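For reference, work.txt (compact mmCIF, C-alpha atoms):
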# COMPACT_ATOMS: atom_id res chain seq x y z
CA ILE A 1 -244.55 201.42 25.54
CA LEU A 2 -243.95 203.88 28.34
CA ASN A 3 -241.04 203.05 30.59
CA VAL A 4 -240.40 204.07 34.15
CA GLU A 5 -236.75 203.73 35.11
CA GLN A 6 -235.24 203.83 38.56
CA SER A 7 -231.65 204.19 39.68
CA PRO A 8 -229.66 202.91 41.32
CA GLN A 9 -230.96 199.35 41.35
CA SER A 10 -229.63 198.85 44.89
CA LEU A 11 -227.96 200.89 47.58
CA HIS A 12 -226.20 200.05 50.83
CA VAL A 13 -225.75 202.88 53.32
CA GLN A 14 -224.77 203.22 56.95
CA GLU A 15 -227.19 204.23 59.66
CA GLY A 16 -227.36 208.02 59.78
CA ASP A 17 -226.40 208.54 56.13
CA SER A 18 -228.68 210.55 53.91
CA THR A 19 -229.47 209.09 50.53
CA ASN A 20 -231.46 209.72 47.41
CA PHE A 21 -232.61 207.85 44.35
CA THR A 22 -234.11 208.72 41.01
CA CYS A 23 -237.20 207.85 39.03
CA SER A 24 -237.33 208.79 35.32
CA PHE A 25 -240.58 208.80 33.40
CA PRO A 26 -241.95 210.07 30.08
CA SER A 27 -242.47 213.82 30.37
CA SER A 28 -245.25 214.04 27.77
CA ASN A 29 -248.91 213.78 28.87
CA PHE A 30 -247.95 213.81 32.53
CA TYR A 31 -250.72 213.02 35.00
CA ALA A 32 -249.14 211.88 38.26
CA LEU A 33 -246.12 210.14 39.75
CA HIS A 34 -246.43 207.70 42.63
CA TRP A 35 -243.86 206.50 45.17
CA TYR A 36 -244.33 203.27 47.13
CA ARG A 37 -242.34 201.63 49.89
CA TRP A 38 -242.10 197.84 49.84
CA GLU A 39 -240.63 195.99 52.79
CA THR A 40 -239.48 192.40 52.37
CA ALA A 41 -242.29 189.87 52.87
CA LYS A 42 -244.90 192.64 53.00
CA SER A 43 -247.06 194.50 50.50
CA PRO A 44 -246.20 197.78 48.78
CA GLU A 45 -247.49 200.82 50.64
CA ALA A 46 -248.09 204.24 49.13
CA LEU A 47 -245.75 207.06 50.17
CA PHE A 48 -246.62 209.95 47.89
CA VAL A 49 -248.66 210.91 44.86
CA MET A 50 -247.24 213.92 43.08
CA THR A 51 -249.07 215.84 40.42
CA LEU A 52 -247.58 219.33 40.00
CA ASN A 53 -244.24 220.36 38.53
CA GLY A 54 -242.02 221.51 41.36
CA ASP A 55 -244.12 219.60 43.88
CA GLU A 56 -242.35 218.57 47.05
CA LYS A 57 -243.84 216.10 49.52
CA LYS A 58 -242.55 215.09 52.94
CA LYS A 59 -243.31 212.29 55.38
CA GLY A 60 -241.04 212.27 58.40
CA ARG A 61 -237.47 211.82 57.15
CA ILE A 62 -238.57 210.95 53.61
CA SER A 63 -239.22 213.60 51.00
CA ALA A 64 -239.71 213.66 47.24
CA THR A 65 -239.45 216.25 44.49
CA LEU A 66 -240.92 216.30 41.01
CA ASN A 67 -239.79 217.77 37.70
CA THR A 68 -242.43 217.03 35.08
CA LYS A 69 -240.74 219.03 32.31
CA GLU A 70 -237.60 216.88 32.34
CA GLY A 71 -239.35 213.73 33.54
CA TYR A 72 -237.75 212.84 36.86
CA SER A 73 -238.49 212.60 40.54
CA TYR A 74 -236.06 212.26 43.43
CA LEU A 75 -236.76 210.47 46.70
CA TYR A 76 -234.61 211.57 49.66
CA ILE A 77 -234.14 209.89 53.00
CA LYS A 78 -232.46 211.96 55.69
CA GLY A 79 -230.55 210.16 58.45
CA SER A 80 -231.32 206.62 57.25
CA GLN A 81 -232.35 204.07 59.86
CA PRO A 82 -232.38 200.26 59.58
CA GLU A 83 -236.19 200.36 59.44
CA ASP A 84 -235.90 202.33 56.18
CA SER A 85 -234.52 199.20 54.50
CA ALA A 86 -237.00 198.39 51.74
CA THR A 87 -237.51 198.59 48.00
CA TYR A 88 -238.76 201.97 46.84
CA LEU A 89 -240.93 201.88 43.75
CA CYS A 90 -242.15 204.68 41.55
CA ALA A 91 -245.13 204.32 39.23
CA PHE A 92 -246.70 206.29 36.40
CA PRO A 93 -250.29 206.11 35.05
CA THR A 94 -250.51 204.47 31.62
CA GLY A 95 -253.15 202.73 29.54
CA GLY A 96 -255.22 205.88 29.28
CA GLY A 97 -254.82 206.37 33.01
CA ASN A 98 -256.46 203.04 33.82
CA LYS A 99 -253.39 201.44 35.38
CA LEU A 100 -249.96 202.19 36.83
CA THR A 101 -246.67 201.12 35.29
CA PHE A 102 -244.14 200.43 38.01
CA GLY A 103 -240.38 200.79 37.87
CA THR A 104 -238.31 197.85 39.08
CA GLY A 105 -237.40 199.74 42.23
CA THR A 106 -234.37 200.80 44.23
CA GLN A 107 -233.51 198.31 46.97
CA LEU A 108 -232.17 200.16 50.00
CA LYS A 109 -230.32 198.42 52.82
CA VAL A 110 -229.36 200.47 55.87
CA GLU A 111 -226.67 198.86 57.99
CA LEU A 112 -225.78 199.54 61.60
CA ASN B 1 -262.32 198.02 57.37
CA ALA B 2 -260.08 195.20 56.12
CA GLY B 3 -258.85 196.97 52.96
CA VAL B 4 -257.78 194.39 50.37
CA THR B 5 -257.92 190.73 51.33
CA GLN B 6 -256.54 187.75 49.42
CA THR B 7 -257.01 184.02 49.81
CA PRO B 8 -255.23 181.74 50.11
CA LYS B 9 -251.98 183.02 51.63
CA PHE B 10 -249.98 180.02 50.45
CA GLN B 11 -250.63 177.31 47.89
CA VAL B 12 -248.66 174.44 46.39
CA LEU B 13 -249.90 172.98 43.10
CA LYS B 14 -248.72 170.25 40.80
CA THR B 15 -248.15 171.03 37.14
CA GLY B 16 -251.47 170.94 35.29
CA GLN B 17 -253.68 171.59 38.29
CA SER B 18 -256.02 174.54 38.34
CA MET B 19 -256.85 177.01 41.04
CA THR B 20 -258.47 180.39 41.64
CA LEU B 21 -256.97 183.17 43.71
CA GLN B 22 -259.57 185.32 45.40
CA CYS B 23 -259.37 189.04 46.07
CA ALA B 24 -261.87 191.36 47.73
CA GLN B 25 -261.82 195.02 48.74
CA ASP B 26 -264.15 196.93 51.03
CA MET B 27 -263.16 200.47 50.02
CA ASN B 28 -265.78 200.82 47.26
CA HIS B 29 -262.98 201.12 44.71
CA ASN B 30 -263.73 201.00 41.01
CA SER B 31 -260.41 199.59 39.79
CA MET B 32 -258.73 196.32 40.71
CA TYR B 33 -255.47 194.69 39.62
CA TRP B 34 -253.52 191.45 39.72
CA TYR B 35 -249.71 191.53 39.80
CA ARG B 36 -247.01 188.95 40.11
CA GLN B 37 -243.68 189.53 41.81
CA ASP B 38 -240.60 187.68 40.66
CA PRO B 39 -236.99 188.24 41.78
CA GLY B 40 -235.37 191.03 39.80
CA MET B 41 -238.58 191.74 37.86
CA GLY B 42 -240.45 194.00 40.24
CA LEU B 43 -244.24 194.05 39.95
CA ARG B 44 -245.69 192.91 36.66
CA LEU B 45 -249.34 193.47 35.83
CA ILE B 46 -251.25 190.36 34.82
CA TYR B 47 -254.80 191.68 34.36
CA TYR B 48 -256.77 194.64 35.56
CA SER B 49 -260.35 195.78 35.80
CA ALA B 50 -260.80 199.52 35.40
CA SER B 51 -264.43 199.28 36.50
CA GLU B 52 -267.05 196.68 37.30
CA GLY B 53 -267.86 194.75 34.16
CA THR B 54 -264.55 195.36 32.37
CA THR B 55 -261.26 193.49 32.33
CA ASP B 56 -258.09 194.06 30.34
CA LYS B 57 -254.80 192.30 29.82
CA GLY B 58 -251.69 193.62 31.45
CA GLU B 59 -248.07 192.89 30.73
CA VAL B 60 -248.06 189.11 31.39
CA PRO B 61 -251.59 187.68 30.86
CA ASN B 62 -250.73 184.33 29.27
CA GLY B 63 -251.87 181.34 31.32
CA TYR B 64 -254.32 183.37 33.41
CA ASN B 65 -257.96 184.37 33.34
CA VAL B 66 -259.84 186.82 35.54
CA SER B 67 -263.36 187.53 36.63
CA ARG B 68 -264.67 190.77 38.09
CA LEU B 69 -267.46 189.12 40.00
CA ASN B 70 -268.88 192.37 41.36
CA LYS B 71 -267.47 195.70 42.49
CA ARG B 72 -265.80 194.12 45.53
CA GLU B 73 -264.30 190.94 44.10
CA PHE B 74 -261.73 190.18 41.41
CA SER B 75 -260.49 186.62 40.99
CA LEU B 76 -257.49 185.23 39.12
CA ARG B 77 -257.63 181.72 37.68
CA LEU B 78 -254.83 179.46 36.61
CA GLU B 79 -256.38 176.81 34.35
CA SER B 80 -253.34 174.56 34.01
CA ALA B 81 -250.56 175.61 36.34
CA ALA B 82 -246.95 175.57 35.13
CA PRO B 83 -243.71 175.88 37.15
CA SER B 84 -243.15 179.29 35.48
CA GLN B 85 -246.18 180.52 37.40
CA THR B 86 -244.42 180.02 40.72
CA SER B 87 -244.51 183.51 42.14
CA VAL B 88 -246.02 185.83 44.73
CA TYR B 89 -249.32 187.24 43.53
CA PHE B 90 -250.64 190.60 44.72
CA CYS B 91 -254.09 192.02 44.27
CA ALA B 92 -254.57 195.77 44.48
CA SER B 93 -257.40 198.27 44.17
CA SER B 94 -257.75 201.98 43.58
CA ALA B 95 -260.61 204.46 43.48
CA GLN B 96 -259.85 205.13 39.81
CA GLY B 97 -257.02 204.06 37.51
CA PRO B 98 -254.44 206.78 38.19
CA ASP B 99 -255.08 206.93 41.93
CA THR B 100 -253.14 205.37 44.80
CA GLN B 101 -253.27 201.59 44.78
CA TYR B 102 -253.82 199.59 47.96
CA PHE B 103 -252.34 196.14 48.01
CA GLY B 104 -253.43 192.89 49.58
CA PRO B 105 -251.05 190.73 51.64
CA GLY B 106 -250.12 188.49 48.70
CA THR B 107 -250.46 184.81 47.83
CA ARG B 108 -247.30 182.74 47.61
CA LEU B 109 -247.84 180.08 44.94
CA THR B 110 -245.48 177.21 44.20
CA VAL B 111 -246.04 174.97 41.18
CA LEU B 112 -244.11 171.73 41.25

Could you write out this structure as structure tokens?
Amino acid sequence: ILNVEQSPQSLHVQEGDSTNFTCSFPSSNFYALHWYRWETAKSPEALFVMTLNGDEKKKGRISATLNTKEGYSYLYIKGSQPEDSATYLCAFPTGGGNKLTFGTGTQLKVEL
Amino acid sequence: NAGVTQTPKFQVLKTGQSMTLQCAQDMNHNSMYWYRQDPGMGLRLIYYSASEGTTDKGEVPNGYNVSRLNKREFSLRLESAAPSQTSVYFCASSAQGPDTQYFGPGTRLTVL
């Protein structure tokens, strides 16, 4: 069984703080690493798909890096805002690439 | 272009009743998925269909059946609902297995 682990499980920060969280995944047979953003009472939405070692993706104040050799990805949020409050999920293709295995997520709460 | 649609949005069942959750996508995607979301458990895969005509069990298939009716539609059936099946159910689709998944709005199911 291939596990995707995320840390921390939850995080409370103040508005304006920068923050980051980690996704760990099996480094063998790497294909891709996905990040999703999941707001309460909504559906998960894709943020990034990362495929190359050393890859860095950016969307506004959110960016992500990838290290396939050691099996981790970091998600960074610069200058957190209350609207960034959500659960951030990472996911890794498994089952011969036919499905994604999701981590349990990092729940971020940004307070005023 | 509606993306992924799910019906119904809410449902209350009594123990032992049956029902079918419907999912459709209009993105011409090959792969479709059913997940359930429970507090502290993240997204857990129930069943998936890598392509039209195929279905496979996910992490938590017991008590459920699925039908990939055609390329657009993937239904989830509860034959004899149990309180443990109280959850929020999400359908998702992707072009192929390892690609970005697009989620429907969810169905909130309560089994009394």

* Asked: Which is closest to A:Trp35 among B:Glu59, B:Asp38, B:Asp99, B:Asp26, if we use all atoms listed in the file?
  -> B:Asp99

* Got a sec: who's within 8 Å of A:Pro8, counting all atoms listed in the file, leaving out chain neighbours fewer than 6 positions off, as a list in words? ->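 With the cut-off at 8 Å, the set is Phe21, Thr22 and Thr106 of chain A.
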
Each chain B residue no farther than 6 Å from chain A, nearest pair in Å, only C-alpha atoms, as CSV:
residue,atom,partner,partner_atom,distance
B:Gly42,CA,A:Thr104,CA,4.6
B:Ala50,CA,A:Asn98,CA,5.8
B:Gly97,CA,A:Asn98,CA,3.9
B:Pro98,CA,A:Gly97,CA,5.2
B:Pro105,CA,A:Ser43,CA,5.6

* To do: Take atom CA of B:Leu43 and atom CA of B:Tyr89 and report the distance between them in Å, one decimal.
  =>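 Computing it gives 9.2 Å between the two atoms.
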
* Mind listing whatever residues come within 10 Å of the point (-256.9, 195.8, 53.8)? Use only C-alpha atoms, file coordinates, and give them as an MDAnalysis selection string. => chainID B and resid 1:6 24:27 92:93 102:105

Write the residues of the preceding selection, restricted to C-alpha atoms, as a PDB file, keeping the file's coordinate frame.
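As written to disk, part.pdb reads:
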ATOM      1  CA  ASN B   1    -262.320 198.020  57.370  1.00  0.00           C
ATOM      2  CA  ALA B   2    -260.080 195.200  56.120  1.00  0.00           C
ATOM      3  CA  GLY B   3    -258.850 196.970  52.960  1.00  0.00           C
ATOM      4  CA  VAL B   4    -257.780 194.390  50.370  1.00  0.00           C
ATOM      5  CA  THR B   5    -257.920 190.730  51.330  1.00  0.00           C
ATOM      6  CA  GLN B   6    -256.540 187.750  49.420  1.00  0.00           C
ATOM      7  CA  ALA B  24    -261.870 191.360  47.730  1.00  0.00           C
ATOM      8  CA  GLN B  25    -261.820 195.020  48.740  1.00  0.00           C
ATOM      9  CA  ASP B  26    -264.150 196.930  51.030  1.00  0.00           C
ATOM     10  CA  MET B  27    -263.160 200.470  50.020  1.00  0.00           C
ATOM     11  CA  ALA B  92    -254.570 195.770  44.480  1.00  0.00           C
ATOM     12  CA  SER B  93    -257.400 198.270  44.170  1.00  0.00           C
ATOM     13  CA  TYR B 102    -253.820 199.590  47.960  1.00  0.00           C
ATOM     14  CA  PHE B 103    -252.340 196.140  48.010  1.00  0.00           C
ATOM     15  CA  GLY B 104    -253.430 192.890  49.580  1.00  0.00           C
ATOM     16  CA  PRO B 105    -251.050 190.730  51.640  1.00  0.00           C
TER      17      PRO B 105
END

* Asked: What lies within 8 Å of A:Phe25 using all atoms listed in the file, ignoring chain neighbours under 3 positions off, as a PyMOL selection string?
  -> chain A and resi 2-5+71-72+92

* Structure fact -> Of B:Ala95, B:Leu109, B:Met41, B:Cys23, the one nearest to B:Leu78 when counting all atoms listed in the file is B:Leu109

* For B:Asn30, please output as a PyMOL selection string all residues within 7 Å (counting all atoms listed in the file; exclusion window: fewer than 5 positions along the same chain). => chain B and resi 50-52+71+94-96

* Pick from A:Thr40, A:Thr19, A:Ser28, A:Gln14 nearest to A:Leu75, counting all atoms listed in the file ->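 So, comparing all the options, the nearest one is A:Thr19.
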
* Asked: Quick one: distance from atom CA of B:Val111 to atom CA of B:Val12 in Å, one decimal?
  ->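 One can read the atom CA of B:Val111 to atom CA of B:Val12 distance as 5.9 Å.
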
* What does the distance from atom CA of B:Gln101 to atom CA of A:Ser10 come to in Å, to one decimal? ->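 Separating atom CA of B:Gln101 from atom CA of A:Ser10 is a distance of 23.8 Å.
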
* To do: Quick one: everything within 10 Å of B:Ser18, counting only C-alpha atoms, minus sequence neighbours fewer than 5 positions away in the same chain. Send it as number ranges by chain.
  => B: 13, 77-82

* To do: Kindly provide, as a ChimeraX atom specification, the polymer residues lying within 6 Å of (-240.3, 216.8, 40.1), counting all atoms listed in the file and using the coordinates exactly as they appear in the file.
  => /A:53-54,65-68,72-73

Could those selected residues go to a file with C-alpha atoms, as a PDB file, in the frame of the given file?
ATOM      1  CA  ASN A  53    -244.240 220.360  38.530  1.00  0.00           C
ATOM      2  CA  GLY A  54    -242.020 221.510  41.360  1.00  0.00           C
ATOM      3  CA  THR A  65    -239.450 216.250  44.490  1.00  0.00           C
ATOM      4  CA  LEU A  66    -240.920 216.300  41.010  1.00  0.00           C
ATOM      5  CA  ASN A  67    -239.790 217.770  37.700  1.00  0.00           C
ATOM      6  CA  THR A  68    -242.430 217.030  35.080  1.00  0.00           C
ATOM      7  CA  TYR A  72    -237.750 212.840  36.860  1.00  0.00           C
ATOM      8  CA  SER A  73    -238.490 212.600  40.540  1.00  0.00           C
TER       9      SER A  73
END

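Proximity to A:Glu83 was assessed for A:Asp55, A:Gly16, A:Val110, A:Cys23 counting only C-alpha atoms; the smallest distance is recorded for A:Val110.
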
* Show which residues sit within 7 Å of A:Ala64, as a list of chain:residue names. Count all atoms listed in the file, and ignore same-chain residues fewer than 6 positions away. =>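 Once the adjacent positions are removed, what remains is A:Glu56, A:Lys57, A:Lys58, A:Ser73, A:Tyr74, A:Leu75, A:Tyr76.
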
* Using only C-alpha atoms, find the one residue out of A:Glu15, A:Arg37, A:Phe30, A:Gly79 that sits nearest to A:Met50. => A:Phe30

* Structure fact -> Between A:Ser27, A:His12, A:Thr51, A:Glu111, smallest distance to A:Gln81 by only C-alpha atoms belongs to A:Glu111
